[in-house]
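**Q** Structure file run_23.cif, mmCIF, C-alpha atoms, is pasted below:
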```
data_work
loop_
_atom_site.group_PDB
_atom_site.id
_atom_site.type_symbol
_atom_site.label_atom_id
_atom_site.label_comp_id
_atom_site.auth_asym_id
_atom_site.auth_seq_id
_atom_site.Cartn_x
_atom_site.Cartn_y
_atom_site.Cartn_z
ATOM 1 C CA MET A 28 -20.354 8.184 -5.145
ATOM 2 C CA GLU A 29 -22.206 7.712 -8.418
ATOM 3 C CA LEU A 30 -22.520 3.979 -7.787
ATOM 4 C CA PHE A 31 -23.853 4.540 -4.269
ATOM 5 C CA LEU A 32 -26.360 7.154 -5.401
ATOM 6 C CA GLU A 33 -27.559 5.038 -8.327
ATOM 7 C CA ARG A 34 -27.899 1.698 -6.545
ATOM 8 C CA GLY A 35 -27.788 2.369 -2.826
ATOM 9 C CA TYR A 36 -25.007 1.822 -0.350
ATOM 10 C CA ASP A 37 -25.736 -1.830 0.429
ATOM 11 C CA LYS A 38 -25.865 -2.823 -3.240
ATOM 12 C CA VAL A 39 -22.341 -1.665 -4.093
ATOM 13 C CA THR A 40 -19.238 -3.690 -3.293
ATOM 14 C CA VAL A 41 -15.704 -2.459 -2.740
ATOM 15 C CA ALA A 42 -14.665 -4.585 -5.727
ATOM 16 C CA GLU A 43 -17.107 -2.651 -7.934
ATOM 17 C CA ILE A 44 -15.769 0.628 -6.598
ATOM 18 C CA ALA A 45 -12.205 -0.453 -7.304
ATOM 19 C CA ALA A 46 -13.161 -1.508 -10.841
ATOM 20 C CA ALA A 47 -14.916 1.822 -11.498
ATOM 21 C CA ALA A 48 -11.820 3.666 -10.230
ATOM 22 C CA ASP A 49 -9.547 1.403 -12.290
ATOM 23 C CA THR A 50 -7.568 0.351 -9.230
ATOM 24 C CA ALA A 51 -7.108 -2.678 -6.990
ATOM 25 C CA VAL A 52 -9.283 -3.440 -3.983
ATOM 26 C CA THR A 53 -6.153 -3.340 -1.818
ATOM 27 C CA THR A 54 -5.460 0.185 -3.061
ATOM 28 C CA VAL A 55 -8.969 1.285 -2.089
ATOM 29 C CA PHE A 56 -8.440 -0.081 1.417
ATOM 30 C CA ALA A 57 -4.967 1.468 1.587
ATOM 31 C CA HIS A 58 -6.507 4.910 1.039
ATOM 32 C CA PHE A 59 -9.685 4.228 3.049
ATOM 33 C CA PRO A 60 -8.657 1.821 5.828
ATOM 34 C CA ALA A 61 -11.848 2.573 7.786
ATOM 35 C CA GLY A 62 -13.799 0.682 5.136
ATOM 36 C CA LYS A 63 -16.581 1.325 2.676
ATOM 37 C CA GLU A 64 -18.264 3.941 4.876
ATOM 38 C CA ALA A 65 -15.175 6.144 4.685
ATOM 39 C CA LEU A 66 -15.570 6.358 0.922
ATOM 40 C CA ILE A 67 -18.656 8.480 1.528
ATOM 41 C CA LEU A 68 -17.816 10.076 4.865
ATOM 42 C CA ASP A 69 -14.048 10.468 4.752
ATOM 43 C CA ASP A 70 -13.031 12.744 7.589
ATOM 44 C CA SER A 71 -9.308 13.485 7.327
ATOM 45 C CA GLY A 72 -9.597 15.726 10.383
ATOM 46 C CA GLU A 73 -12.198 18.005 8.765
ATOM 47 C CA ARG A 74 -14.704 17.652 11.584
ATOM 48 C CA ALA A 75 -12.278 18.523 14.375
ATOM 49 C CA ALA A 76 -10.917 21.448 12.365
ATOM 50 C CA SER A 77 -14.413 22.748 11.638
ATOM 51 C CA LEU A 78 -15.315 22.567 15.343
ATOM 52 C CA ALA A 79 -12.215 24.630 16.137
ATOM 53 C CA VAL A 80 -13.202 27.245 13.565
ATOM 54 C CA ALA A 81 -16.747 27.397 14.992
ATOM 55 C CA VAL A 82 -15.549 27.817 18.583
ATOM 56 C CA ARG A 83 -12.587 30.113 17.960
ATOM 57 C CA GLY A 84 -14.337 32.133 15.272
ATOM 58 C CA ARG A 85 -17.444 32.929 17.285
ATOM 59 C CA PRO A 86 -18.372 36.598 17.668
ATOM 60 C CA GLU A 87 -16.667 38.503 20.465
ATOM 61 C CA GLY A 88 -18.586 37.824 23.671
ATOM 62 C CA GLY A 89 -20.668 35.110 22.009
ATOM 63 C CA SER A 90 -21.242 31.860 23.819
ATOM 64 C CA VAL A 91 -19.554 28.689 22.664
ATOM 65 C CA LEU A 92 -22.837 26.808 22.778
ATOM 66 C CA ASP A 93 -24.514 29.407 20.556
ATOM 67 C CA ALA A 94 -21.621 29.099 18.115
ATOM 68 C CA LEU A 95 -21.846 25.303 18.116
ATOM 69 C CA HIS A 96 -25.611 25.440 17.650
ATOM 70 C CA ALA A 97 -25.193 27.749 14.648
ATOM 71 C CA PHE A 98 -22.442 25.519 13.282
ATOM 72 C CA PHE A 99 -24.545 22.352 13.411
ATOM 73 C CA ALA A 100 -27.712 24.135 12.254
ATOM 74 C CA GLY A 101 -25.829 25.074 9.081
ATOM 75 C CA ARG A 102 -24.900 21.472 8.298
ATOM 76 C CA ALA A 103 -26.944 18.576 7.013
ATOM 77 C CA PRO A 104 -29.403 17.313 8.084
ATOM 78 C CA PHE A 105 -30.337 20.581 9.795
ATOM 79 C CA ALA A 106 -29.533 23.048 7.030
ATOM 80 C CA GLU A 107 -32.140 24.147 4.564
ATOM 81 C CA ASP A 108 -31.494 24.820 0.887
ATOM 82 C CA LEU A 109 -28.561 22.472 0.479
ATOM 83 C CA PRO A 110 -27.250 22.043 -3.061
ATOM 84 C CA VAL A 111 -29.102 19.181 -4.790
ATOM 85 C CA GLU A 112 -26.042 16.931 -5.086
ATOM 86 C CA TYR A 113 -25.156 17.415 -1.421
ATOM 87 C CA GLN A 114 -28.771 16.745 -0.403
ATOM 88 C CA ARG A 115 -28.738 13.479 -2.384
ATOM 89 C CA ARG A 116 -25.586 12.456 -0.533
ATOM 90 C CA MET A 117 -27.126 13.320 2.849
ATOM 91 C CA ASP A 118 -30.310 11.435 1.962
ATOM 92 C CA LEU A 119 -28.131 8.400 1.241
ATOM 93 C CA VAL A 120 -26.357 8.755 4.589
ATOM 94 C CA MET A 121 -29.544 9.347 6.591
ATOM 95 C CA GLY A 122 -31.285 6.437 4.883
ATOM 96 C CA THR A 123 -28.476 3.932 5.465
ATOM 97 C CA PRO A 124 -28.058 2.640 9.042
ATOM 98 C CA ALA A 125 -24.386 1.709 8.527
ATOM 99 C CA LEU A 126 -23.588 5.221 7.292
ATOM 100 C CA CYS A 127 -25.535 6.885 10.106
ATOM 101 C CA ALA A 128 -23.641 4.810 12.654
ATOM 102 C CA TYR A 129 -20.310 5.613 11.007
ATOM 103 C CA ALA A 130 -21.094 9.346 10.892
ATOM 104 C CA ARG A 131 -21.940 9.252 14.594
ATOM 105 C CA ARG A 132 -18.673 7.443 15.407
ATOM 106 C CA VAL A 133 -16.646 9.992 13.439
ATOM 107 C CA TRP A 134 -18.310 12.912 15.240
ATOM 108 C CA VAL A 135 -18.035 11.315 18.689
ATOM 109 C CA ALA A 136 -14.331 10.733 18.014
ATOM 110 C CA CYS A 137 -14.027 14.544 18.159
ATOM 111 C CA ALA A 138 -15.114 14.642 21.821
ATOM 112 C CA ASP A 139 -11.609 15.139 23.231
ATOM 113 C CA THR A 140 -10.877 17.914 20.749
ATOM 114 C CA LEU A 141 -14.159 19.640 21.544
ATOM 115 C CA ALA A 142 -13.544 19.317 25.303
ATOM 116 C CA GLU A 143 -10.147 21.002 24.835
ATOM 117 C CA LEU A 144 -11.775 23.787 22.807
ATOM 118 C CA LEU A 145 -14.394 24.260 25.530
ATOM 119 C CA ALA A 146 -11.675 24.511 28.190
ATOM 120 C CA GLU A 147 -9.744 27.009 26.081
ATOM 121 C CA ALA A 148 -12.856 29.128 25.526
ATOM 122 C CA ALA A 149 -13.734 29.032 29.230
ATOM 123 C CA GLY A 150 -10.200 30.076 30.177
ATOM 124 C CA ARG A 151 -9.560 26.848 32.035
ATOM 125 C CA ALA A 152 -6.046 25.464 32.230
ATOM 126 C CA GLU A 153 -7.220 21.927 31.584
ATOM 127 C CA VAL A 154 -10.235 19.865 30.653
ATOM 128 C CA ASP A 155 -12.371 18.683 33.544
ATOM 129 C CA ASP A 156 -15.055 15.999 33.667
ATOM 130 C CA SER A 157 -17.838 18.534 33.187
ATOM 131 C CA LEU A 158 -16.363 19.710 29.895
ATOM 132 C CA ARG A 159 -15.802 16.133 28.718
ATOM 133 C CA VAL A 160 -19.464 15.418 29.402
ATOM 134 C CA LEU A 161 -20.586 18.602 27.670
ATOM 135 C CA ALA A 162 -18.481 17.827 24.599
ATOM 136 C CA ARG A 163 -20.010 14.375 24.340
ATOM 137 C CA TYR A 164 -23.531 15.740 24.873
ATOM 138 C CA VAL A 165 -23.047 18.281 22.101
ATOM 139 C CA LEU A 166 -21.834 15.641 19.672
ATOM 140 C CA GLU A 167 -24.535 13.123 20.620
ATOM 141 C CA THR A 168 -27.249 15.797 20.484
ATOM 142 C CA THR A 169 -26.836 16.241 16.767
ATOM 143 C CA ASP A 170 -27.310 12.518 16.171
ATOM 144 C CA LEU A 171 -30.391 12.387 18.374
ATOM 145 C CA ALA A 172 -31.954 15.543 16.933
ATOM 146 C CA SER A 173 -31.428 14.411 13.349
ATOM 147 C CA GLY A 174 -33.870 11.540 13.893
ATOM 148 C CA CYS A 175 -36.681 13.738 15.235
ATOM 149 C CA PRO A 176 -39.708 14.772 13.161
ATOM 150 C CA ASP A 177 -38.464 18.393 13.192
ATOM 151 C CA PRO A 178 -34.668 18.108 13.438
ATOM 152 C CA ARG A 179 -34.037 21.881 13.482
ATOM 153 C CA ALA A 180 -36.472 22.431 16.370
ATOM 154 C CA ALA A 181 -35.038 19.454 18.262
ATOM 155 C CA LEU A 182 -31.508 20.790 17.816
ATOM 156 C CA ALA A 183 -32.540 24.243 19.055
ATOM 157 C CA SER A 184 -34.315 22.746 22.063
ATOM 158 C CA ALA A 185 -31.327 20.573 22.933
ATOM 159 C CA PHE A 186 -28.919 23.504 22.824
ATOM 160 C CA GLN A 187 -31.310 25.553 24.965
ATOM 161 C CA HIS A 188 -31.136 22.832 27.609
ATOM 162 C CA LEU A 189 -27.359 22.508 27.325
ATOM 163 C CA LYS A 190 -27.005 26.248 27.942
ATOM 164 C CA LEU A 191 -29.042 25.888 31.130
ATOM 165 C CA GLY A 192 -26.727 23.147 32.376
ATOM 166 C CA TRP A 193 -23.526 24.946 31.424
ATOM 167 C CA PRO A 194 -24.185 28.670 31.840
ATOM 168 C CA GLY A 195 -21.437 30.919 30.611
ATOM 169 C CA ILE A 196 -20.072 28.472 28.047
#
```
Now that the file is in, can you turn its structure into structure tokens?

**A**
Amino acid sequence: MELFLERGYDKVTVAEIAAAADTAVTTVFAHFPAGKEALILDDSGERAASLAVAVRGRPEGGSVLDALHAFFAGRAPFAEDLPVEYQRRMDLVMGTPALCAYARRVWVACADTLAELLAEAAGRAEVDDSLRVLARYVLETTDLASGCPDPRAALASAFQHLKLGWPGI
């Protein structure tokens, strides 16, 4: 991370990372098979697990969409007052197209999990097309809102519209 923050993502090679970690390039790829992006945005199931906590841990009677809005509003790039080191990392991600694209792919890969959580919360026996679409919209919304001049306002507006389309969720 130090190398990326000092020189920028595109100016650091995997060979330099391996040398700094005193390991072989093959070892780096063995632990991070998704490539260089995963060194910064390693997932290890954290995103899917955090979505489950947000949905299942919402207040009694609270809507799933309100819980998801609060969840994303508390994360970068929407959160305010992030620790300096975390903000530097998020600035690197947001300023690097390859990292932004990778972050989007990792979140969108959670669409099936989120659709299952939505079905569970709605008391439905199985996921239907509407919930698959909603899950994907939720996950894409964060990517779209993050690029707006006022990301927090864009996120709030998007979730307002999602609630209109999926009342009761």

**Q** Within 12 Å of A:Gln114, counting all atoms listed in the file, which residues show up once you throw out same-chain ones fewer than 6 positions away? Write them as a list in words, please.

**A**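 That gives Leu32, Arg102, Ala103, Pro104, Phe105, Ala106, Glu107, Asp108, Val120, Met121 and Gly122 of chain A.
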
**Q** Interatomic distance between atom CA of A:Ser157 and atom CA of A:Leu145?

**A** 10.2 Å

**Q** Counting only C-alpha atoms, which of A:Thr53, A:Ser71, A:Thr40, A:Ser90 gets nearest to A:Trp193?

**A**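 For A:Trp193, the nearest of the given residues is A:Ser90.
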
**Q** In Å to one decimal, how far is atom CA of A:Pro176 from atom CA of A:Ala79?

**A**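 The value is 29.4 Å.
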
**Q** Which neighbours of A:Arg159 fall inside 12 Å, counting all atoms listed in the file, when residues of the same chain fewer than 2 positions from it are skipped, and could you give them as a PyMOL selection string?

**A** chain A and resi 135+137-146+153-157+161-166

**Q** Could those residues be written to a file, using C-alpha atoms, as an mmCIF file, keeping the file's coordinate frame?

**A**
```cif
data_model
loop_
_atom_site.group_PDB
_atom_site.id
_atom_site.type_symbol
_atom_site.label_atom_id
_atom_site.label_comp_id
_atom_site.auth_asym_id
_atom_site.auth_seq_id
_atom_site.Cartn_x
_atom_site.Cartn_y
_atom_site.Cartn_z
ATOM 1 C CA VAL A 135 -18.035 11.315 18.689
ATOM 2 C CA CYS A 137 -14.027 14.544 18.159
ATOM 3 C CA ALA A 138 -15.114 14.642 21.821
ATOM 4 C CA ASP A 139 -11.609 15.139 23.231
ATOM 5 C CA THR A 140 -10.877 17.914 20.749
ATOM 6 C CA LEU A 141 -14.159 19.640 21.544
ATOM 7 C CA ALA A 142 -13.544 19.317 25.303
ATOM 8 C CA GLU A 143 -10.147 21.002 24.835
ATOM 9 C CA LEU A 144 -11.775 23.787 22.807
ATOM 10 C CA LEU A 145 -14.394 24.260 25.530
ATOM 11 C CA ALA A 146 -11.675 24.511 28.190
ATOM 12 C CA GLU A 153 -7.220 21.927 31.584
ATOM 13 C CA VAL A 154 -10.235 19.865 30.653
ATOM 14 C CA ASP A 155 -12.371 18.683 33.544
ATOM 15 C CA ASP A 156 -15.055 15.999 33.667
ATOM 16 C CA SER A 157 -17.838 18.534 33.187
ATOM 17 C CA LEU A 161 -20.586 18.602 27.670
ATOM 18 C CA ALA A 162 -18.481 17.827 24.599
ATOM 19 C CA ARG A 163 -20.010 14.375 24.340
ATOM 20 C CA TYR A 164 -23.531 15.740 24.873
ATOM 21 C CA VAL A 165 -23.047 18.281 22.101
ATOM 22 C CA LEU A 166 -21.834 15.641 19.672
#
```

**Q** Between A:Phe99, A:Trp134, A:Tyr129, A:Phe59, which one has atoms that come closest to A:Arg179, using only C-alpha atoms?

**A**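 Checking each candidate against A:Arg179, we get A:Phe99 as the closest.
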
**Q** One number please: atom CA of A:Ala76 to atom CA of A:Ala97, in Å, one decimal.

**A**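 Atom CA of A:Ala76 sits 15.8 Å away from atom CA of A:Ala97.
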
**Q** Smallest atom-to-atom distance to A:Glu29: which of A:Val55, A:Val91, A:Val160, A:Leu119, using only C-alpha atoms?

**A**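 Selected residue with least distance to A:Glu29: A:Leu119.
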
**Q** Quick one: of A:Thr54, A:Ala45, A:Ala100, A:Gly88, who's nearest to A:Pro178, counting only C-alpha atoms?

**A**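 So, comparing all the options, the nearest one is A:Ala100.
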
**Q** Pick out the closest residue to A:Ala128 from this set: A:Leu171, A:Met28, A:Ala180, A:Ala47. Count all atoms listed in the file.

**A**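 Closest candidate: A:Leu171.
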